[in-house]
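For reference, query26.cif is printed below; it contains mmCIF, C-alpha atoms.
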data_run
#
loop_
_atom_site.label_atom_id
_atom_site.label_comp_id
_atom_site.auth_asym_id
_atom_site.auth_seq_id
_atom_site.Cartn_x
_atom_site.Cartn_y
_atom_site.Cartn_z
CA MET H 1 1.87 -32.64 -61.98
CA ARG H 2 0.74 -33.38 -58.46
CA ILE H 3 4.32 -33.13 -57.28
CA TYR H 4 4.60 -29.67 -58.84
CA LYS H 5 1.42 -28.65 -57.09
CA GLN H 6 2.68 -29.76 -53.71
CA LEU H 7 6.00 -27.99 -54.16
CA THR H 8 4.35 -24.79 -55.28
CA SER H 9 1.93 -24.88 -52.35
CA ILE H 10 4.82 -25.24 -49.92
CA LEU H 11 6.60 -22.32 -51.56
CA ALA H 12 3.52 -20.15 -51.43
CA ALA H 13 2.89 -20.94 -47.77
CA THR H 14 6.50 -20.17 -46.93
CA LEU H 15 6.38 -16.81 -48.67
CA LEU H 16 3.07 -15.99 -47.03
CA ILE H 17 4.25 -16.77 -43.51
CA THR H 18 7.55 -14.97 -44.04
CA GLY H 19 5.79 -11.90 -45.37
CA CYS H 20 3.31 -11.80 -42.49
CA ALA H 21 6.03 -12.21 -39.91
CA THR H 22 7.54 -8.91 -41.04
CA VAL H 23 4.27 -6.98 -40.80
CA GLU H 24 4.34 -4.43 -38.00
CA THR H 25 1.61 -1.90 -38.73
CA GLU H 26 -0.16 -3.27 -41.86
CA SER H 27 -3.76 -4.43 -41.49
CA TRP H 28 -4.91 -7.99 -41.79
CA GLN H 29 -6.64 -7.07 -45.07
CA ASN H 30 -3.30 -6.50 -46.76
CA CYS H 31 -2.09 -9.89 -45.59
CA ALA H 32 -5.23 -11.52 -46.92
CA ILE H 33 -4.77 -9.82 -50.30
CA GLY H 34 -1.16 -10.99 -50.39
CA GLY H 35 -2.28 -14.52 -49.58
CA ALA H 36 -4.89 -14.42 -52.31
CA LEU H 37 -2.37 -13.32 -54.90
CA LEU H 38 0.10 -16.03 -53.89
CA GLY H 39 -2.60 -18.68 -53.80
CA GLY H 40 -3.95 -17.65 -57.17
CA ALA H 41 -0.52 -17.63 -58.73
CA ALA H 42 0.17 -21.11 -57.43
CA GLY H 43 -3.13 -22.40 -58.83
CA ALA H 44 -2.50 -20.90 -62.24
CA PHE H 45 1.00 -22.33 -62.43
CA VAL H 46 -0.16 -25.82 -61.63
CA GLU H 47 -3.64 -26.49 -62.92
CA GLY H 48 -5.21 -23.53 -64.66
CA ALA H 49 -8.14 -21.15 -64.28
CA THR H 50 -10.16 -23.28 -61.90
CA GLU H 51 -7.27 -23.57 -59.50
CA VAL H 52 -6.69 -19.80 -59.66
CA ALA H 53 -10.03 -19.14 -58.00
CA VAL H 54 -9.60 -21.88 -55.44
CA GLY H 55 -6.02 -20.87 -54.68
CA ALA H 56 -6.98 -17.23 -54.30
CA ALA H 57 -9.81 -18.03 -51.89
CA VAL H 58 -7.75 -20.36 -49.75
CA GLY H 59 -4.71 -18.04 -49.82
CA GLY H 60 -6.78 -15.06 -48.76
CA THR H 61 -8.32 -16.98 -45.85
CA ILE H 62 -4.98 -18.30 -44.65
CA GLY H 63 -3.37 -14.89 -45.02
CA GLY H 64 -5.99 -13.27 -42.86
CA LEU H 65 -5.79 -16.00 -40.21
CA ILE H 66 -2.00 -15.96 -39.98
CA CYS H 67 -1.72 -12.20 -39.61
CA GLY H 68 -4.77 -11.94 -37.39
CA ASP H 69 -7.25 -9.09 -37.18
CA GLU H 70 -4.85 -6.82 -35.30
CA PRO H 71 -1.51 -5.30 -36.34
CA VAL H 72 1.49 -7.34 -35.29
CA VAL H 73 3.79 -5.12 -33.25
CA VAL H 74 7.30 -6.28 -32.45
CA PRO H 75 7.74 -5.76 -28.69
CA GLY H 76 10.83 -3.92 -27.40
CA ALA H 77 12.70 -4.43 -24.17
CA GLU H 78 11.85 -1.91 -21.46
CA PRO H 79 14.78 0.23 -20.32
CA ASP H 80 16.47 -0.31 -16.95
CA THR H 81 18.58 2.82 -16.57
CA ASP H 82 20.32 1.88 -13.31
CA ASN H 83 20.75 -1.81 -14.26
CA ASP H 84 19.28 -3.11 -11.00
CA GLY H 85 17.00 -5.66 -12.65
CA VAL H 86 13.81 -3.58 -12.28
CA VAL H 87 12.59 -1.79 -15.42
CA ASP H 88 12.16 1.98 -15.23
CA SER H 89 8.34 1.85 -15.39
CA ARG H 90 8.28 -0.08 -12.09
CA ASP H 91 11.43 1.36 -10.49
CA GLU H 92 10.58 3.65 -7.55
CA CYS H 93 14.28 4.27 -6.89
CA PRO H 94 15.73 4.86 -10.38
CA ASP H 95 19.25 5.85 -9.33
CA THR H 96 20.35 2.78 -7.38
CA PRO H 97 24.16 2.41 -7.27
CA VAL H 98 25.71 -0.43 -9.24
CA GLY H 99 25.79 -3.69 -7.28
CA ALA H 100 23.21 -2.70 -4.66
CA ILE H 101 20.62 -5.35 -3.77
CA VAL H 102 17.10 -4.09 -4.40
CA ASP H 103 13.52 -5.23 -3.79
CA SER H 104 10.77 -5.63 -6.38
CA LYS H 105 10.29 -1.85 -6.44
CA GLY H 106 13.94 -1.24 -7.26
CA CYS H 107 14.78 0.16 -3.83
CA THR H 108 17.55 -0.90 -1.48
CA SER H 109 16.78 -2.52 1.85
CA ASP H 110 17.59 -1.13 5.31
CA ALA H 111 17.32 -4.13 7.63
CA ASP H 112 18.10 -2.27 10.87
CA GLY H 113 15.98 0.76 9.98
CA ASP H 114 18.70 3.28 10.77
CA GLY H 115 18.29 5.26 7.55
CA VAL H 116 21.45 3.89 5.93
CA ALA H 117 20.87 1.33 3.16
CA ASP H 118 22.33 -2.14 3.75
CA TYR H 119 24.76 -1.95 0.83
CA LYS H 120 26.66 0.94 2.48
CA ASP H 121 25.94 0.24 6.17
CA GLN H 122 29.23 -0.53 7.92
CA CYS H 123 27.46 -1.28 11.20
CA PRO H 124 24.43 -3.46 10.37
CA GLY H 125 22.20 -4.36 13.28
CA SER H 126 22.08 -0.94 14.93
CA ALA H 127 19.80 -0.78 17.96
CA PRO H 128 16.27 0.50 17.20
CA GLY H 129 16.19 4.29 17.37
CA ALA H 130 19.96 4.64 17.53
CA LYS H 131 21.39 7.82 16.03
CA VAL H 132 23.97 6.78 13.48
CA ASN H 133 26.48 8.55 11.26
CA GLU H 134 26.87 8.32 7.49
CA LEU H 135 28.48 4.90 7.83
CA GLY H 136 25.47 3.57 9.70
CA CYS H 137 27.41 3.42 12.99
CA ALA H 138 26.25 4.80 16.33
CA LYS H 139 29.85 5.05 17.51
CA ALA H 140 33.36 4.47 16.22
CA LEU H 141 33.72 1.58 13.79
CA VAL H 142 36.23 -0.85 15.27
CA LEU H 143 37.98 -2.70 12.47
CA GLU H 144 37.55 -6.18 13.91
CA GLY H 145 40.16 -8.57 12.57
CA VAL H 146 42.33 -5.86 11.06
CA ASN H 147 45.57 -6.90 12.75
CA PHE H 148 49.27 -6.40 12.20
CA TYR H 149 52.34 -8.55 12.45
CA THR H 150 53.91 -8.49 15.92
CA ALA H 151 55.61 -5.17 16.82
CA SER H 152 54.93 -3.99 13.27
CA ALA H 153 52.66 -1.65 11.32
CA GLU H 154 52.42 -4.16 8.43
CA LEU H 155 48.91 -5.44 7.81
CA THR H 156 48.41 -9.21 7.83
CA GLU H 157 46.92 -10.82 4.75
CA SER H 158 43.68 -11.57 6.59
CA ALA H 159 43.54 -7.92 7.68
CA LYS H 160 43.77 -6.82 4.05
CA THR H 161 40.90 -9.12 3.14
CA ILE H 162 38.72 -7.53 5.82
CA LEU H 163 39.78 -3.98 5.03
CA LEU H 164 39.33 -4.19 1.26
CA PRO H 165 35.49 -3.99 1.13
CA ILE H 166 35.58 -1.13 3.64
CA ALA H 167 37.94 0.80 1.37
CA VAL H 168 35.81 0.04 -1.69
CA ALA H 169 32.62 1.09 0.11
CA HIS H 170 34.20 4.38 1.08
CA SER H 171 35.32 5.14 -2.46
CA LYS H 172 32.00 4.09 -4.07
CA TYR H 173 29.35 5.11 -1.55
CA HIS H 174 30.93 7.49 0.97
CA GLY H 175 33.26 9.50 -1.23
CA ASP H 176 32.04 12.76 0.32
CA VAL H 177 32.53 11.57 3.91
CA SER H 178 35.76 12.48 5.72
CA LEU H 179 37.09 9.80 8.06
CA LEU H 180 39.49 9.81 11.00
CA ILE H 181 41.51 6.61 11.39
CA THR H 182 42.92 6.07 14.88
CA GLY H 183 45.38 3.48 16.15
CA HIS H 184 45.44 1.97 19.66
CA THR H 185 47.71 -0.47 21.52
CA ASP H 186 47.66 -2.46 24.73
CA SER H 187 49.68 -1.40 27.78
CA GLN H 188 52.68 -3.66 27.24
CA GLY H 189 55.86 -1.83 26.31
CA LYS H 190 56.93 1.76 26.82
CA ASP H 191 54.44 4.58 26.35
CA ALA H 192 56.50 6.35 23.69
CA TYR H 193 56.91 3.16 21.66
CA ASN H 194 53.19 2.39 21.85
CA GLN H 195 52.33 5.92 20.80
CA ASP H 196 54.55 5.69 17.73
CA LEU H 197 53.28 2.22 16.85
CA SER H 198 49.65 3.32 17.05
CA GLU H 199 50.31 6.22 14.71
CA ARG H 200 52.12 4.04 12.18
CA ARG H 201 49.35 1.44 12.20
CA ALA H 202 46.70 4.07 11.55
CA SER H 203 48.82 5.40 8.68
CA SER H 204 49.15 1.87 7.28
CA VAL H 205 45.37 1.49 7.16
CA ARG H 206 45.03 4.88 5.48
CA ALA H 207 47.61 3.97 2.84
CA PHE H 208 45.83 0.70 2.07
CA MET H 209 42.47 2.46 1.66
CA ILE H 210 43.97 5.06 -0.66
CA THR H 211 45.53 2.32 -2.77
CA HIS H 212 42.06 0.83 -3.20
CA GLY H 213 40.21 3.97 -4.23
CA SER H 214 39.62 6.14 -1.17
CA ASP H 215 40.24 9.86 -1.55
CA ALA H 216 43.42 10.77 0.32
CA ASN H 217 41.97 14.18 1.15
CA ARG H 218 39.12 12.48 3.00
CA LEU H 219 41.31 10.38 5.31
CA THR H 220 43.28 11.63 8.30
CA THR H 221 44.99 9.64 11.05
CA ASP H 222 45.89 9.85 14.71
CA GLY H 223 47.38 7.55 17.32
CA TYR H 224 46.51 7.20 21.00
CA GLY H 225 48.94 4.52 22.07
CA GLU H 226 47.69 2.78 25.21
CA SER H 227 45.74 5.78 26.53
CA LYS H 228 42.23 4.67 25.53
CA PRO H 229 41.70 1.01 26.45
CA ILE H 230 38.29 -0.59 25.91
CA ALA H 231 39.07 -3.78 27.85
CA ASP H 232 41.19 -5.05 30.74
CA ASN H 233 44.91 -4.97 29.93
CA GLY H 234 45.43 -7.52 32.69
CA THR H 235 44.11 -10.35 30.48
CA LYS H 236 45.22 -11.71 27.13
CA GLU H 237 41.75 -11.28 25.73
CA GLY H 238 41.52 -7.72 26.98
CA ARG H 239 44.85 -6.76 25.48
CA ALA H 240 43.80 -8.21 22.14
CA LYS H 241 40.73 -5.95 22.14
CA ASN H 242 42.82 -2.91 23.00
CA ARG H 243 45.13 -3.48 20.02
CA ARG H 244 42.79 -2.03 17.44
CA VAL H 245 42.17 0.51 14.70
CA GLU H 246 38.98 2.57 14.68
CA ILE H 247 37.27 4.70 12.08
CA THR H 248 35.05 7.66 12.96
CA VAL H 249 33.29 10.20 10.79
CA LYS H 250 35.15 13.49 10.90
CA LYS H 251 32.80 16.44 11.27
#
Show me, as structure tokens, the structure contained in the file I just sent.
Amino acid sequence: MRIYKQLTSILAATLLITGCATVETESWQNCAIGGALLGGAAGAFVEGATEVAVGAAVGGTIGGLICGDEPVVVPGAEPDTDNDGVVDSRDECPDTPVGAIVDSKGCTSDADGDGVADYKDQCPGSAPGAKVNELGCAKALVLEGVNFYTASAELTESAKTILLPIAVAHSKYHGDVSLLITGHTDSQGKDAYNQDLSERRASSVRAFMITHGSDANRLTTDGYGESKPIADNGTKEGRAKNRRVEITVKK
């Protein structure tokens, strides 16, 4: 008989705990009543009338303690509409673009203080007070490292790696900004050849950006050949700097 009593007690406790765990808005009194009924039933099944009273008293006490004197409310996850990791109730910038790095307030950082958030700033580190364009640049953006195979308008693989995030940024964050892509060469070779080469290289960059999401209607090109050097063509280093592609915001 003692074994039956132990088994029944375990069953009653299990039912009581399970029932209380599902309570969301019921008061603790209901849980206590449920515990009393279960405890009383267990006592009657095992021992008789005496155990009914004892079981009911103990069951009622346990029921009230388990459920507590406050309703048990199942908490829900707070929404994070822009998926930046900061819930809406604390998000001071609720429309952050996907992938942007934000602070604890849900806002993007602007390390150089130029008014263009870091995630879309193509010229980080602008001088304090500098007037910049929509790309975050105070002047033309020189595509450093975007090179071509010798005497060719074909982009090198390393150039594509550098150009890819620029193309993606334009399509995602600057889709309403029109850009002018210009090609430049050093002074070696004939003027006419350099002019043609500069135009083809600018067009090659444009084609790559379009392939990776940029709006074709927002990109135009031009070539200046060797007419606008930024370094001394008399040195190898200077010529390397003059062979370049630049991007400016088209007004």
Q. Can you list what the PyMOL selection byres ((chain H and resi 194) around 12) grabs from this structure, as a ChimeraX atom specification?
A. /H:151-153,183-193,195-201,223-228,242-243
Might you spell out which residues the PyMOL selection byres ((chain H and resi 78) around 8) would select in the displayed file, as a PDB file with C-alpha atoms, in the frame of the given file?
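result_3.pdb, written as the output of this step:
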ATOM      1  CA  GLY H  76      10.830  -3.920 -27.400  1.00  0.00           C
ATOM      2  CA  ALA H  77      12.700  -4.430 -24.170  1.00  0.00           C
ATOM      3  CA  PRO H  79      14.780   0.230 -20.320  1.00  0.00           C
ATOM      4  CA  ASP H  80      16.470  -0.310 -16.950  1.00  0.00           C
ATOM      5  CA  VAL H  87      12.590  -1.790 -15.420  1.00  0.00           C
ATOM      6  CA  ASP H  88      12.160   1.980 -15.230  1.00  0.00           C
ATOM      7  CA  SER H  89       8.340   1.850 -15.390  1.00  0.00           C
TER       8      SER H  89
END
Q: I would like the residues chosen by the PyMOL selection byres ((chain H and resi 170) around 9) on the shown file; could you give them as JSON, numbers by chain?
A: {"H": [120, 135, 165, 166, 167, 168, 169, 171, 172, 173, 174, 175, 176, 177, 209, 213, 214, 215]}
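Taking atom CA of Ile210 of chain H and atom CA of Ser109 of chain H as endpoints, the distance between them is 28.3 Å.
Residue nearest Glu144 of chain H, chosen from H:Leu180, H:Val249, H:Val102, H:Ala240 and counting only C-alpha atoms: H:Ala240.
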Q) Please, what distance in Å, to one decimal, runs between atom CA of Ser126 of chain H and atom CA of His212 of chain H? A) 27.0 Å
Q) How many Å lie between atom CA of Lys250 of chain H and atom CA of Asp110 of chain H, rounded to one decimal? A) 23.5 Å
**Q.** Distance query Ile247 of chain H at most 9 Å, all atoms listed in the file, self and fewer than 4 positions along chain excluded, as a ChimeraX atom specification
**A.** /H:140-143,179-182
Output for the residues just chosen: C-alpha atoms as a PDB file, keeping the file's coordinate frame:
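And here's result.pdb as it stands now:
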ATOM      1  CA  ALA H 140      33.360   4.470  16.220  1.00  0.00           C
ATOM      2  CA  LEU H 141      33.720   1.580  13.790  1.00  0.00           C
ATOM      3  CA  VAL H 142      36.230  -0.850  15.270  1.00  0.00           C
ATOM      4  CA  LEU H 143      37.980  -2.700  12.470  1.00  0.00           C
ATOM      5  CA  LEU H 179      37.090   9.800   8.060  1.00  0.00           C
ATOM      6  CA  LEU H 180      39.490   9.810  11.000  1.00  0.00           C
ATOM      7  CA  ILE H 181      41.510   6.610  11.390  1.00  0.00           C
ATOM      8  CA  THR H 182      42.920   6.070  14.880  1.00  0.00           C
TER       9      THR H 182
END
What's around Glu157 of chain H at 12 Å? Count all atoms listed in the file, leave out sequence neighbours fewer than 5 positions away in its own chain, and write the answer as an mmCIF file with C-alpha atoms, keeping the file's coordinate frame.
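File around.cif, as written:
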data_model
loop_
_atom_site.group_PDB
_atom_site.id
_atom_site.type_symbol
_atom_site.label_atom_id
_atom_site.label_comp_id
_atom_site.auth_asym_id
_atom_site.auth_seq_id
_atom_site.Cartn_x
_atom_site.Cartn_y
_atom_site.Cartn_z
ATOM 1 C CA GLY H 145 40.160 -8.570 12.570
ATOM 2 C CA VAL H 146 42.330 -5.860 11.060
ATOM 3 C CA ASN H 147 45.570 -6.900 12.750
ATOM 4 C CA PHE H 148 49.270 -6.400 12.200
ATOM 5 C CA TYR H 149 52.340 -8.550 12.450
ATOM 6 C CA ILE H 162 38.720 -7.530 5.820
ATOM 7 C CA LEU H 163 39.780 -3.980 5.030
ATOM 8 C CA LEU H 164 39.330 -4.190 1.260
ATOM 9 C CA PHE H 208 45.830 0.700 2.070
#
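Using only C-alpha atoms, the shortest contact distance between Asp91 of chain H and any of H:Cys123, H:Leu219, H:Ala159, H:Cys107 is found at H:Cys107.
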